[in-house]
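Novice: You'll find upload29.csv just under this line, and it carries CSV, C-alpha atoms and all ligand atoms.
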chain,number,residue,atom,x,y,z
U,963,MET,CA,1.7,26.4,5.9
U,964,LEU,CA,5.0,27.0,4.1
U,965,THR,CA,4.8,30.8,3.8
U,966,GLU,CA,2.9,31.8,7.0
U,967,GLN,CA,3.0,29.1,9.6
U,968,PHE,CA,6.6,27.9,9.1
U,969,GLY,CA,7.6,27.6,12.8
U,970,ASN,CA,9.5,24.6,14.2
U,971,ALA,CA,7.0,22.6,16.2
U,972,SER,CA,9.6,22.1,19.0
U,973,SER,CA,10.1,25.8,19.6
U,974,ILE,CA,8.3,27.4,22.5
U,975,HIS,CA,7.8,30.8,20.8
U,976,HIS,CA,4.5,31.8,19.1
U,977,PHE,CA,5.6,30.6,15.7
U,978,GLY,CA,6.6,27.2,17.0
U,979,GLN,CA,3.5,26.7,19.1
U,980,THR,CA,1.2,27.5,16.1
U,981,ALA,CA,3.0,24.9,14.1
U,982,LYS,CA,2.7,22.5,17.0
U,983,GLN,CA,-1.0,23.0,17.2
U,984,LYS,CA,-1.3,22.3,13.5
U,985,LEU,CA,0.8,19.2,13.8
U,986,GLU,CA,-1.3,17.8,16.7
U,987,SER,CA,-4.5,18.6,14.9
U,988,ALA,CA,-3.3,16.7,11.9
U,989,ARG,CA,-2.3,13.8,14.2
U,990,ARG,CA,-5.8,13.7,15.6
U,991,ASN,CA,-7.3,13.6,12.1
U,992,LEU,CA,-5.1,10.8,11.0
U,993,ALA,CA,-5.8,8.9,14.2
U,994,ALA,CA,-9.5,9.3,13.6
U,995,LEU,CA,-9.1,7.7,10.1
U,996,LEU,CA,-7.1,4.8,11.6
U,997,GLN,CA,-9.3,4.5,14.6
U,998,CYS,CA,-6.4,4.8,17.1
U,999,HIS,CA,-5.3,7.3,19.7
U,1000,PRO,CA,-3.3,10.4,18.4
U,1001,THR,CA,-0.4,9.6,20.7
U,1002,GLU,CA,0.0,6.3,18.8
U,1003,ILE,CA,0.8,8.1,15.6
U,1004,VAL,CA,4.5,8.6,14.6
U,1005,TRP,CA,5.1,10.9,11.6
U,1006,THR,CA,7.6,9.5,9.1
U,1007,SER,CA,8.7,10.3,5.5
U,1008,GLY,CA,6.4,7.7,4.0
U,1009,GLY,CA,5.5,4.0,3.7
U,1010,THR,CA,9.0,2.8,3.2
U,1011,GLU,CA,10.3,4.5,6.4
U,1012,SER,CA,7.3,3.4,8.4
U,1013,ASN,CA,7.9,-0.2,7.4
U,1014,ASN,CA,11.6,0.0,8.1
U,1015,LEU,CA,11.0,1.6,11.5
U,1016,ALA,CA,8.6,-1.3,12.4
U,1017,LEU,CA,10.8,-4.1,11.0
U,1018,PHE,CA,14.1,-3.0,12.5
U,1019,GLY,CA,12.5,-1.8,15.7
U,1020,VAL,CA,12.1,-5.2,17.2
U,1021,ASP,CA,14.7,-8.0,18.0
U,1022,GLY,CA,14.0,-11.6,16.9
U,1023,HIS,CA,12.8,-13.8,14.1
U,1024,VAL,CA,10.4,-12.2,11.6
U,1025,VAL,CA,7.7,-13.8,9.4
U,1026,THR,CA,6.5,-12.1,6.3
U,1027,THR,CA,4.9,-13.1,3.0
U,1028,ALA,CA,6.0,-13.4,-0.6
U,1029,ILE,CA,3.5,-10.8,-1.9
U,1030,GLU,CA,4.8,-7.9,0.2
U,1031,HIS,CA,6.0,-4.6,-1.3
U,1032,PRO,CA,9.9,-4.3,-1.6
U,1033,ALA,CA,9.6,-1.8,1.3
U,1034,VAL,CA,9.0,-4.9,3.5
U,1035,LEU,CA,10.8,-7.6,1.5
U,1036,GLU,CA,14.1,-5.7,1.3
U,1037,PRO,CA,14.4,-4.9,5.0
U,1038,CYS,CA,13.4,-8.6,5.7
U,1039,SER,CA,16.2,-9.8,3.5
U,1040,ARG,CA,18.5,-8.1,6.0
U,1041,LEU,CA,16.8,-9.8,9.0
U,1042,ASN,CA,16.4,-13.3,10.2
U,1043,ALA,CA,13.1,-13.8,8.3
U,1044,THR,CA,10.8,-16.5,7.0
U,1045,VAL,CA,8.8,-15.7,3.9
U,1046,VAL,CA,5.4,-17.4,3.7
U,1047,ARG,CA,4.2,-18.5,0.3
U,1048,VAL,CA,0.8,-17.3,-1.1
U,1049,GLY,CA,-1.5,-19.1,-3.5
U,1050,PRO,CA,-3.2,-17.9,-6.7
U,1051,SER,CA,-6.0,-16.1,-4.8
U,1052,CYS,CA,-3.3,-13.7,-3.4
U,1053,VAL,CA,-4.9,-14.2,0.0
U,1054,VAL,CA,-2.4,-15.1,2.8
U,1055,ASP,CA,-3.5,-18.3,4.7
U,1056,PRO,CA,-3.4,-17.6,8.4
U,1057,ASP,CA,-2.5,-21.3,8.9
U,1058,ASP,CA,0.6,-20.8,6.8
U,1059,VAL,CA,1.5,-17.9,9.1
U,1060,ARG,CA,0.9,-20.1,12.1
U,1061,LYS,CA,3.3,-22.8,10.7
U,1062,ALA,CA,6.0,-20.2,10.0
U,1063,ILE,CA,6.0,-18.7,13.5
U,1064,ARG,CA,8.7,-20.1,15.8
U,1065,PRO,CA,7.3,-20.1,19.3
U,1066,GLY,CA,9.5,-18.0,21.7
U,1067,GLU,CA,11.7,-16.9,18.8
U,1068,THR,CA,9.4,-15.0,16.4
U,1069,ALA,CA,9.1,-11.4,17.5
U,1070,LEU,CA,7.2,-9.9,14.6
U,1071,VAL,CA,5.0,-10.9,11.7
U,1072,SER,CA,4.6,-8.4,8.9
U,1073,VAL,CA,1.6,-8.8,6.5
U,1074,MET,CA,0.2,-6.2,4.2
U,1075,HIS,CA,-3.4,-5.1,4.5
U,1076,VAL,CA,-4.0,-4.7,0.7
U,1077,ASN,CA,-1.7,-5.9,-2.1
U,1078,ASN,CA,-0.6,-3.0,-4.2
U,1079,GLU,CA,-0.7,-5.0,-7.5
U,1080,THR,CA,-3.8,-7.1,-7.2
U,1081,GLY,CA,-5.8,-5.0,-4.7
U,1082,VAL,CA,-6.5,-8.2,-2.7
U,1083,ILE,CA,-7.5,-7.6,1.0
U,1084,GLN,CA,-5.8,-9.8,3.6
U,1085,PRO,CA,-7.7,-11.5,6.5
U,1086,LEU,CA,-6.1,-9.4,9.2
U,1087,ASP,CA,-8.4,-10.4,12.0
U,1088,GLU,CA,-7.5,-14.1,11.6
U,1089,ILE,CA,-3.9,-13.4,11.1
U,1090,ALA,CA,-3.8,-11.1,14.2
U,1091,LYS,CA,-5.3,-13.9,16.2
U,1092,VAL,CA,-2.6,-16.4,15.1
U,1093,VAL,CA,0.2,-13.9,15.7
U,1094,HIS,CA,-1.0,-12.7,19.2
U,1095,GLU,CA,-1.7,-16.3,20.3
U,1096,ALA,CA,2.0,-16.9,19.6
U,1097,GLY,CA,3.0,-13.9,21.6
U,1098,ALA,CA,4.5,-12.0,18.6
U,1099,LEU,CA,3.7,-8.5,17.4
U,1100,LEU,CA,1.8,-7.8,14.1
U,1101,HIS,CA,3.0,-5.2,11.7
U,1102,VAL,CA,0.7,-4.3,8.8
U,1103,ASP,CA,1.8,-2.4,5.7
U,1104,GLY,CA,-1.5,-0.5,5.2
U,1105,VAL,CA,-0.2,1.8,2.5
U,1106,GLN,CA,-2.8,0.6,-0.1
U,1107,ALA,CA,-5.7,0.2,2.4
U,1108,ALA,CA,-6.1,3.5,4.1
U,1109,GLY,CA,-8.6,5.7,2.2
U,1110,LYS,CA,-9.8,2.7,0.1
U,1111,ILE,CA,-11.4,0.5,2.8
U,1112,ALA,CA,-12.2,0.9,6.5
U,1113,VAL,CA,-9.1,0.7,8.6
U,1114,ASP,CA,-8.8,-0.1,12.3
U,1115,ALA,CA,-5.1,0.0,12.9
U,1116,THR,CA,-5.6,-1.4,16.4
U,1117,VAL,CA,-6.0,-4.9,14.9
U,1118,ALA,CA,-2.2,-4.7,14.6
U,1119,ASP,CA,0.6,-3.5,16.9
U,1120,LEU,CA,2.2,-1.4,14.1
U,1121,TYR,CA,0.5,-0.1,11.0
U,1122,SER,CA,2.2,1.9,8.1
U,1123,VAL,CA,0.5,4.5,6.0
U,1124,SER,CA,1.8,6.8,3.2
U,1125,GLY,CA,0.6,10.3,2.4
U,1126,HIS,CA,0.8,10.1,-1.3
U,1127,LYS,CA,-1.7,7.2,-1.4
U,1128,LEU,CA,-4.2,9.4,0.3
U,1129,CYS,CA,-3.8,12.4,-2.0
U,1130,ALA,CA,-1.4,14.2,0.4
U,1131,PRO,CA,2.1,15.1,-1.0
U,1132,LYS,CA,4.9,12.6,-1.4
U,1133,GLY,CA,7.4,12.4,1.4
U,1134,ILE,CA,5.1,12.2,4.4
U,1135,GLY,CA,3.8,9.1,6.1
U,1136,ALA,CA,3.1,7.6,9.5
U,1137,LEU,CA,3.4,4.6,11.6
U,1138,TYR,CA,0.8,3.6,14.2
U,1139,VAL,CA,2.6,2.2,17.2
U,1140,ARG,CA,0.2,0.6,19.7
U,1141,LYS,CA,0.6,2.1,23.2
U,1142,GLY,CA,3.1,0.0,25.2
U,1143,VAL,CA,4.9,-1.4,22.2
U,1144,GLN,CA,8.7,-1.0,22.7
U,1145,LEU,CA,10.2,0.1,19.4
U,1146,ARG,CA,13.9,0.9,18.9
U,1147,PRO,CA,14.3,4.0,16.8
U,1148,ARG,CA,16.2,3.9,13.5
U,1149,THR,CA,17.7,7.4,14.0
U,1150,TYR,CA,18.9,9.2,17.1
U,1151,GLY,CA,18.9,12.9,17.9
U,1152,GLY,CA,16.2,15.0,19.5
U,1153,HIS,CA,13.1,13.8,21.4
U,1154,GLN,CA,10.5,14.4,18.7
U,1155,GLU,CA,7.7,11.8,18.2
U,1156,ARG,CA,8.3,10.5,21.8
U,1157,ASP,CA,11.9,9.5,20.8
U,1158,ARG,CA,10.7,7.1,18.2
U,1159,ARG,CA,11.5,9.3,15.2
U,1160,PRO,CA,13.8,12.1,16.3
U,1161,GLY,CA,14.3,15.1,14.0
U,1162,THR,CA,12.2,18.3,13.2
U,1163,GLU,CA,8.9,17.1,11.9
U,1164,ASN,CA,7.6,17.8,8.3
U,1165,VAL,CA,4.8,20.0,9.6
U,1166,ALA,CA,3.5,21.0,6.2
U,1167,GLY,CA,3.4,17.4,5.0
U,1168,ALA,CA,1.7,16.2,8.2
U,1169,VAL,CA,-0.9,19.0,8.0
U,1170,ALA,CA,-1.6,17.9,4.4
U,1171,LEU,CA,-1.9,14.2,5.4
U,1172,GLY,CA,-4.2,15.2,8.3
U,1173,ARG,CA,-6.4,17.2,5.9
U,1174,ALA,CA,-6.5,14.3,3.4
U,1175,ALA,CA,-7.5,11.9,6.2
U,1176,GLN,CA,-10.2,14.4,7.3
U,1177,LEU,CA,-11.6,14.6,3.7
U,1178,ILE,CA,-11.8,10.8,3.4
U,1179,PHE,CA,-13.5,10.7,6.8
U,1180,GLU,CA,-16.1,13.3,5.7
U,1181,GLN,CA,-16.6,12.1,2.1
U,1182,GLY,CA,-16.6,8.4,2.8
U,1183,LEU,CA,-14.8,5.5,1.1
U,1184,PRO,CA,-14.9,4.9,-2.6
U,1185,SER,CA,-17.4,2.4,-4.1
U,1186,PRO,CA,-16.5,-0.3,-6.7
U,1187,GLU,CA,-19.0,0.8,-9.4
U,1188,LEU,CA,-16.4,2.4,-11.7
U,1189,ARG,CA,-13.9,-0.4,-11.2
U,1190,ASP,CA,-16.7,-2.9,-12.1
U,1191,ARG,CA,-17.7,-0.9,-15.1
U,1192,LEU,CA,-14.1,-0.9,-16.3
U,1193,GLU,CA,-13.6,-4.6,-15.8
U,1194,ARG,CA,-17.0,-5.4,-17.5
U,1195,GLY,CA,-16.2,-3.2,-20.4
U,1196,ILE,CA,-12.7,-4.6,-21.0
U,1197,LEU,CA,-13.9,-8.2,-20.7
U,1198,GLN,CA,-16.7,-7.6,-23.1
U,1199,ARG,CA,-14.5,-5.9,-25.7
U,1200,VAL,CA,-11.4,-8.1,-25.3
U,1201,PRO,CA,-12.1,-11.9,-25.3
U,1202,PHE,CA,-8.5,-12.7,-24.4
U,1203,ALA,CA,-8.6,-10.6,-21.2
U,1204,SER,CA,-9.2,-11.9,-17.7
U,1205,VAL,CA,-9.2,-10.2,-14.3
U,1206,ASN,CA,-6.6,-11.5,-11.8
U,1207,CYS,CA,-7.8,-12.6,-8.4
U,1208,ALA,CA,-11.4,-11.6,-9.3
U,1209,GLY,CA,-12.8,-14.0,-6.8
U,1210,SER,CA,-10.8,-12.6,-3.8
U,1211,PRO,CA,-11.9,-9.7,-1.6
U,1212,ARG,CA,-10.5,-6.6,-3.3
U,1213,VAL,CA,-10.3,-2.9,-2.8
U,1214,PRO,CA,-12.8,-0.9,-4.9
U,1215,ASN,CA,-10.3,1.0,-7.0
U,1216,THR,CA,-7.7,-1.5,-8.3
U,1217,SER,CA,-7.8,-3.9,-11.2
U,1218,ASN,CA,-5.2,-6.3,-12.4
U,1219,ILE,CA,-6.0,-7.6,-15.9
U,1220,ARG,CA,-4.2,-10.2,-18.0
U,1221,PHE,CA,-4.2,-9.8,-21.7
U,1222,ASP,CA,-3.3,-13.3,-22.9
U,1223,GLY,CA,-0.6,-13.5,-25.5
U,1224,ILE,CA,0.4,-9.8,-25.5
U,1225,GLU,CA,2.9,-7.9,-23.3
U,1226,GLY,CA,1.8,-5.4,-20.7
U,1227,GLU,CA,4.6,-3.0,-21.4
U,1228,PRO,CA,3.6,-1.9,-25.0
U,1229,LEU,CA,0.1,-1.7,-23.7
U,1230,VAL,CA,1.2,0.8,-21.0
U,1231,ILE,CA,3.0,2.8,-23.7
U,1232,ALA,CA,0.0,2.8,-26.1
U,1233,LEU,CA,-2.3,4.0,-23.3
U,1234,ASP,CA,0.2,6.6,-22.1
U,1235,LEU,CA,0.2,8.1,-25.6
U,1236,LYS,CA,-3.6,8.5,-25.2
U,1237,GLY,CA,-3.2,10.2,-21.8
U,1238,PHE,CA,-3.9,7.2,-19.5
U,1239,ALA,CA,-1.4,6.4,-16.7
U,1240,VAL,CA,-1.5,2.6,-16.0
U,1241,SER,CA,1.3,0.2,-15.1
U,1242,SER,CA,2.4,-3.3,-16.0
U,1243,GLY,CA,3.9,-4.1,-12.5
U,1244,ALA,CA,4.4,-2.2,-9.3
U,1245,ALA,CA,4.8,1.5,-10.1
U,1246,CYS,CA,7.9,1.5,-7.8
U,1247,SER,CA,9.7,-0.9,-10.2
U,1248,SER,CA,8.5,0.5,-13.5
U,1249,GLY,CA,11.3,0.6,-16.0
U,1250,ALA,CA,12.6,-2.8,-14.7
U,1251,VAL,CA,12.2,-5.7,-17.2
U,1252,GLU,CA,11.5,-8.2,-14.5
U,1253,PRO,CA,7.8,-9.3,-14.3
U,1254,SER,CA,5.9,-8.5,-11.1
U,1255,HIS,CA,7.2,-10.5,-8.2
U,1256,VAL,CA,3.7,-10.6,-6.7
U,1257,LEU,CA,2.2,-12.3,-9.8
U,1258,THR,CA,5.0,-14.8,-10.0
U,1259,ALA,CA,4.7,-15.4,-6.3
U,1260,ILE,CA,1.1,-16.4,-6.6
U,1261,GLY,CA,2.0,-19.0,-9.3
U,1262,MET,CA,1.8,-17.1,-12.6
U,1263,SER,CA,4.5,-17.9,-15.2
U,1264,ARG,CA,6.9,-15.1,-15.9
U,1265,GLU,CA,5.4,-14.8,-19.4
U,1266,ASP,CA,1.8,-14.5,-18.1
U,1267,ALA,CA,2.9,-12.0,-15.4
U,1268,ARG,CA,4.4,-9.9,-18.2
U,1269,SER,CA,1.0,-9.7,-19.9
U,1270,CYS,CA,-0.8,-8.0,-17.0
U,1271,LEU,CA,-1.9,-4.4,-16.6
U,1272,ARG,CA,-2.7,-2.7,-13.3
U,1273,ILE,CA,-5.2,0.0,-13.4
U,1274,SER,CA,-6.1,2.2,-10.3
U,1275,LEU,CA,-9.0,4.6,-10.3
U,1276,GLY,CA,-9.0,7.8,-8.2
U,1277,ARG,CA,-11.8,9.7,-6.5
U,1278,GLY,CA,-12.1,12.2,-9.4
U,1279,ASN,CA,-12.5,9.7,-12.2
U,1280,THR,CA,-15.8,9.7,-14.1
U,1281,GLU,CA,-17.9,7.2,-16.1
U,1282,ALA,CA,-16.9,9.0,-19.3
U,1283,GLN,CA,-13.2,8.6,-18.5
U,1284,VAL,CA,-13.7,5.0,-17.7
U,1285,ASP,CA,-15.5,4.4,-21.0
U,1286,ALA,CA,-12.7,6.2,-22.8
U,1287,LEU,CA,-10.2,4.0,-21.1
U,1288,ILE,CA,-12.1,0.8,-22.1
U,1289,GLU,CA,-12.1,2.0,-25.7
U,1290,ALA,CA,-8.4,2.8,-25.7
U,1291,THR,CA,-7.5,-0.4,-24.0
U,1292,ALA,CA,-9.6,-2.5,-26.4
U,1293,GLN,CA,-8.1,-0.8,-29.4
U,1294,ALA,CA,-4.5,-1.1,-28.2
U,1295,ALA,CA,-5.0,-4.7,-27.1
U,1296,HIS,CA,-6.5,-5.8,-30.4
U,1297,HIS,CA,-3.8,-4.0,-32.3
U,1298,LEU,CA,-1.0,-5.7,-30.3
U,1299,HIS,CA,-2.7,-9.0,-30.5
U,1300,ARG,CA,-2.7,-8.9,-34.3
U,1301,LEU,CA,1.0,-8.2,-34.2
U,1302,VAL,CA,1.8,-11.4,-32.3
U,1303,PRO,CA,2.5,-14.1,-35.0
U,1304,THR,CA,0.9,-17.0,-33.0
U,1305,HIS,CA,-2.4,-15.2,-32.8
U,1306,VAL,CA,-2.7,-14.2,-36.5
D,1,LIG,C1,2.1,-1.6,-0.3
D,1,LIG,C2,3.1,-0.5,-0.3
D,1,LIG,N1,4.0,-0.4,0.7
D,1,LIG,C3,4.9,0.6,0.8
D,1,LIG,C4,5.0,1.5,-0.3
D,1,LIG,C5,6.1,2.5,-0.2
D,1,LIG,O1,5.5,3.7,0.3
D,1,LIG,P1,6.3,5.1,0.0
D,1,LIG,O2,6.4,5.4,-1.4
D,1,LIG,O3,5.5,6.1,0.8
D,1,LIG,O4,7.7,5.0,0.6
D,1,LIG,C6,4.2,1.4,-1.4
D,1,LIG,C7,4.3,2.3,-2.5
D,1,LIG,O5,3.7,2.2,-3.5
D,1,LIG,C8,3.2,0.4,-1.4
D,1,LIG,O6,2.3,0.3,-2.4
Take the structure in the file and give it back as structure tokens.
Ligand SMILES: Cc1ncc(COP(=O)(O)O)c(C=O)c1O

Specialist:
Amino acid sequence: MLTEQFGNASSIHHFGQTAKQKLESARRNLAALLQCHPTEIVWTSGGTESNNLALFGVDGHVVTTAIEHPAVLEPCSRLNATVVRVGPSCVVDPDDVRKAIRPGETALVSVMHVNNETGVIQPLDEIAKVVHEAGALLHVDGVQAAGKIAVDATVADLYSVSGHKLCAPKGIGALYVRKGVQLRPRTYGGHQERDRRPGTENVAGAVALGRAAQLIFEQGLPSPELRDRLERGILQRVPFASVNCAGSPRVPNTSNIRFDGIEGEPLVIALDLKGFAVSSGAACSSGAVEPSHVLTAIGMSREDARSCLRISLGRGNTEAQVDALIEATAQAAHHLHRLVPTHV
């Protein structure tokens, strides 16, 4: 795409029209994955931009939840927003959403489809019912759901996805905008993306995202077997480990495990030295000393939240790799546990 089909999709010459065809074919592939119409897809630079486009695109009071990604919470902190609390299951209670909605005043409710730290799936059908009964719009941050579980974006009015969570490159994403929803753009310029996101499109990124969506469509969704093997193995080997939100509906690739009495950070470093990339909070805030805002929001103490590890498996991972990770985690966890004076 970058060396041969580099035309501007808005140009009428041959190069431009070839790029335009590729862009529209990618749009159709992504729309198929999200079960919506291609004209309802707006290309963006990623999940953060999609969320901002949705949240700032509507006037009025906003309702969101305490477990959202900063790409929702930060925009909401600049809006007139109510943040709904979430309990230890990490599942948003539709009734709490109902209570937070101000009839006639609430324009938009923003709830994520899948939590990025616990992997917990939210009851979107029930939440959509509550939101639509109140005459508001529903925005869903679906960044962690697309490609992991079946997605029907049309449950919502606005649905965000990010390319790099689907194995496409970083810097491309999309927002599903239901036909008829009036959305104020964040930027002004040309008329690309039906005036909703002006500017020359990232054709190569969009083509990659479209291809990623097509591959997921063809290959099917991941199954939880490897995740279950990983959790079983760690729980067997490490008696002071427990799986967070194990009783809640979860995506098949994400595990959040607490190692009672030890810190997640040194565990991340120990595993990194052995070639495993895991995290002790949201990847986006790695490096920060603060414990995960999601785990503290669902009632965990700051100390307990610090002792958690998030492990995400990819399509290419094998049983042998999972077994090696179990072994490495058990060794590192026992080593760190022995170093903690209270556990000697
Ligand atoms: C739930 C969620 N929303 C939004 C984002 C931000 O997406 P992007 O990195 O594409 O801006 C992330 C990134 O990890 C995420 O996990």

Novice: Taking all atoms listed in the file into account, list the residues no farther than 9 Å from ligand LIG 1 (chain D), as a PDB file with C-alpha atoms, keeping the file's coordinate frame.

Specialist:
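Result file selection.pdb:
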ATOM      1  CA  SER U1007       8.700  10.300   5.500  1.00  0.00           C
ATOM      2  CA  GLY U1008       6.400   7.700   4.000  1.00  0.00           C
ATOM      3  CA  GLY U1009       5.500   4.000   3.700  1.00  0.00           C
ATOM      4  CA  THR U1010       9.000   2.800   3.200  1.00  0.00           C
ATOM      5  CA  GLU U1011      10.300   4.500   6.400  1.00  0.00           C
ATOM      6  CA  SER U1012       7.300   3.400   8.400  1.00  0.00           C
ATOM      7  CA  ASN U1013       7.900  -0.200   7.400  1.00  0.00           C
ATOM      8  CA  GLU U1030       4.800  -7.900   0.200  1.00  0.00           C
ATOM      9  CA  HIS U1031       6.000  -4.600  -1.300  1.00  0.00           C
ATOM     10  CA  PRO U1032       9.900  -4.300  -1.600  1.00  0.00           C
ATOM     11  CA  ALA U1033       9.600  -1.800   1.300  1.00  0.00           C
ATOM     12  CA  VAL U1034       9.000  -4.900   3.500  1.00  0.00           C
ATOM     13  CA  MET U1074       0.200  -6.200   4.200  1.00  0.00           C
ATOM     14  CA  HIS U1075      -3.400  -5.100   4.500  1.00  0.00           C
ATOM     15  CA  VAL U1076      -4.000  -4.700   0.700  1.00  0.00           C
ATOM     16  CA  ASN U1077      -1.700  -5.900  -2.100  1.00  0.00           C
ATOM     17  CA  ASN U1078      -0.600  -3.000  -4.200  1.00  0.00           C
ATOM     18  CA  GLU U1079      -0.700  -5.000  -7.500  1.00  0.00           C
ATOM     19  CA  ASP U1103       1.800  -2.400   5.700  1.00  0.00           C
ATOM     20  CA  GLY U1104      -1.500  -0.500   5.200  1.00  0.00           C
ATOM     21  CA  VAL U1105      -0.200   1.800   2.500  1.00  0.00           C
ATOM     22  CA  GLN U1106      -2.800   0.600  -0.100  1.00  0.00           C
ATOM     23  CA  ALA U1107      -5.700   0.200   2.400  1.00  0.00           C
ATOM     24  CA  SER U1122       2.200   1.900   8.100  1.00  0.00           C
ATOM     25  CA  VAL U1123       0.500   4.500   6.000  1.00  0.00           C
ATOM     26  CA  SER U1124       1.800   6.800   3.200  1.00  0.00           C
ATOM     27  CA  GLY U1125       0.600  10.300   2.400  1.00  0.00           C
ATOM     28  CA  HIS U1126       0.800  10.100  -1.300  1.00  0.00           C
ATOM     29  CA  LYS U1127      -1.700   7.200  -1.400  1.00  0.00           C
ATOM     30  CA  LYS U1132       4.900  12.600  -1.400  1.00  0.00           C
ATOM     31  CA  GLY U1133       7.400  12.400   1.400  1.00  0.00           C
ATOM     32  CA  ILE U1134       5.100  12.200   4.400  1.00  0.00           C
ATOM     33  CA  GLY U1135       3.800   9.100   6.100  1.00  0.00           C
ATOM     34  CA  ALA U1244       4.400  -2.200  -9.300  1.00  0.00           C
ATOM     35  CA  ALA U1245       4.800   1.500 -10.100  1.00  0.00           C
ATOM     36  CA  CYS U1246       7.900   1.500  -7.800  1.00  0.00           C
TER      37      CYS U1246
END

Novice: Mind running stretch 966-995 of chain U against stretch 1169-1185 of chain U at 6 Å and telling me each contacting residue's nearest atom pair with the distance in Å (one decimal), counting all atoms listed in the file, chain and number ascending, as a Markdown table?

Specialist:
| residue | atom | partner | partner_atom | distance |
| --- | --- | --- | --- | --- |
| U:Ala988 | CA | U:Gly1172 | CA | 4.0 |
| U:Asn991 | CA | U:Gly1172 | CA | 5.2 |
| U:Leu992 | CA | U:Gly1172 | CA | 5.2 |
| U:Leu995 | CA | U:Ala1175 | CA | 6.0 |

Novice: For a quick check of understanding, using only C-alpha atoms, which of U:Arg1220, U:Lys1236, U:Arg1159, U:Lys1141 has the smallest distance to U:His999?

Specialist: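 Under the stated criterion, the closest residue is U:Lys1141.
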
Novice: May I ask for the distance between atom CA of U:Ala1062 and atom CA of U:Thr1044, given in Å to one decimal place?

Specialist: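 Taking atom CA of U:Ala1062 as the start and atom CA of U:Thr1044 as the end point, the length is 6.8 Å.
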
Novice: At a cut-off of 9 Å around the point (-11.5, -2.3, -18.3) (file coordinates), what residues fall inside when counting all atoms listed in the file? I'd like the answer as a PyMOL selection string.

Specialist: chain U and resi 1189-1199+1217+1219+1273+1284-1285+1287-1289+1291-1292

Novice: Quick one: distance from atom CA of U:Val1071 to atom CA of U:Val1025 in Å, one decimal?

Specialist: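 Atom CA of U:Val1025 lies 4.6 Å from atom CA of U:Val1071.
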
Novice: Counting only C-alpha atoms, what is within 9 Å of stretch 1294-1299 of chain U, bar same-chain residues fewer than 6 positions away, as a list of chain:residue names?

Specialist: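 Here the qualifying residues turn out to be U:Val1200, U:Phe1221, U:Asp1222, U:Gly1223, U:Ile1224, U:Glu1225, U:Pro1228, U:Leu1229, U:Ala1232, U:Leu1233, U:His1305, U:Val1306.
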
Novice: Neighbourhood query: residues within 12 Å of (-1.7, -19.7, 5.6), file coordinates, counting only C-alpha atoms; return as a VMD selection string.

Specialist: chain U and resid 1025 to 1028 1045 to 1049 1051 to 1063 1073 1084 to 1086 1088 to 1089 1092 to 1093

Novice: Kindly give the distance, in Å, that separates atom CA of U:Asp1234 and atom CA of U:Ala1203, rounded to a single decimal.

Specialist: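 Atom-to-atom, atom CA of U:Asp1234 to atom CA of U:Ala1203, that is 19.3 Å.
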
Novice: For U:Glu1155, list every protein, DNA or RNA residue within 10 Å, evaluated using all atoms listed in the file, and leave out those in the same chain fewer than 4 positions away; present the list as a ChimeraX atom specification.

Specialist: /U:1001-1006,1159-1163

Novice: Given the selection you just returned, output its residues as a file containing C-alpha atoms, formatted as a CSV table (one decimal), keeping the file's coordinate frame.

Specialist:
chain,number,residue,atom,x,y,z
U,1001,THR,CA,-0.4,9.6,20.7
U,1002,GLU,CA,0.0,6.3,18.8
U,1003,ILE,CA,0.8,8.1,15.6
U,1004,VAL,CA,4.5,8.6,14.6
U,1005,TRP,CA,5.1,10.9,11.6
U,1006,THR,CA,7.6,9.5,9.1
U,1159,ARG,CA,11.5,9.3,15.2
U,1160,PRO,CA,13.8,12.1,16.3
U,1161,GLY,CA,14.3,15.1,14.0
U,1162,THR,CA,12.2,18.3,13.2
U,1163,GLU,CA,8.9,17.1,11.9

Novice: Can you work out which one of U:Cys1270, U:Ala1016, U:Ala1166, U:Gln979 has the shortest atom-to-atom distance to U:Gln1144, counting all atoms listed in the file?

Specialist: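 With all atoms listed in the file as the atom set, the closest residue is U:Ala1016.
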
Novice: For each of U:Glu1252, U:Asp1119, U:Glu1281, U:Glu966, take the minimum atom-to-atom distance to U:Ser1072, counting only C-alpha atoms, then give the residue where this is smallest.

Specialist: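 Looking at the shortest contact to U:Ser1072, the residue is U:Asp1119.
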
Novice: Of the candidates U:Val1024, U:Ala1098, U:Ala981, U:Leu1070, which one gets nearest to U:Cys1038 if we count all atoms listed in the file?

Specialist: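 Among the listed residues, the smallest separation from U:Cys1038 belongs to U:Val1024.
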
Novice: Output requested as a PDB file, in the coordinates of the input - stretch 1072-1076 of chain U, filled out with N, CA and C atoms.

Specialist:
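Output file result_15.pdb is given in full below:
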ATOM      1  N   SER U1072       4.917  -9.581   9.676  1.00  0.00           N
ATOM      2  CA  SER U1072       4.600  -8.400   8.900  1.00  0.00           C
ATOM      3  C   SER U1072       3.758  -8.881   7.642  1.00  0.00           C
ATOM      4  N   VAL U1073       2.504  -8.455   7.594  1.00  0.00           N
ATOM      5  CA  VAL U1073       1.600  -8.800   6.500  1.00  0.00           C
ATOM      6  C   VAL U1073       0.914  -7.559   6.003  1.00  0.00           C
ATOM      7  N   MET U1074       0.849  -7.372   4.697  1.00  0.00           N
ATOM      8  CA  MET U1074       0.200  -6.200   4.200  1.00  0.00           C
ATOM      9  C   MET U1074      -1.308  -6.254   4.284  1.00  0.00           C
ATOM     10  N   HIS U1075      -1.972  -5.097   4.375  1.00  0.00           N
ATOM     11  CA  HIS U1075      -3.400  -5.100   4.500  1.00  0.00           C
ATOM     12  C   HIS U1075      -4.045  -5.341   3.084  1.00  0.00           C
ATOM     13  N   VAL U1076      -3.503  -4.595   2.083  1.00  0.00           N
ATOM     14  CA  VAL U1076      -4.000  -4.700   0.700  1.00  0.00           C
ATOM     15  C   VAL U1076      -2.803  -4.827  -0.224  1.00  0.00           C
TER      16      VAL U1076
END
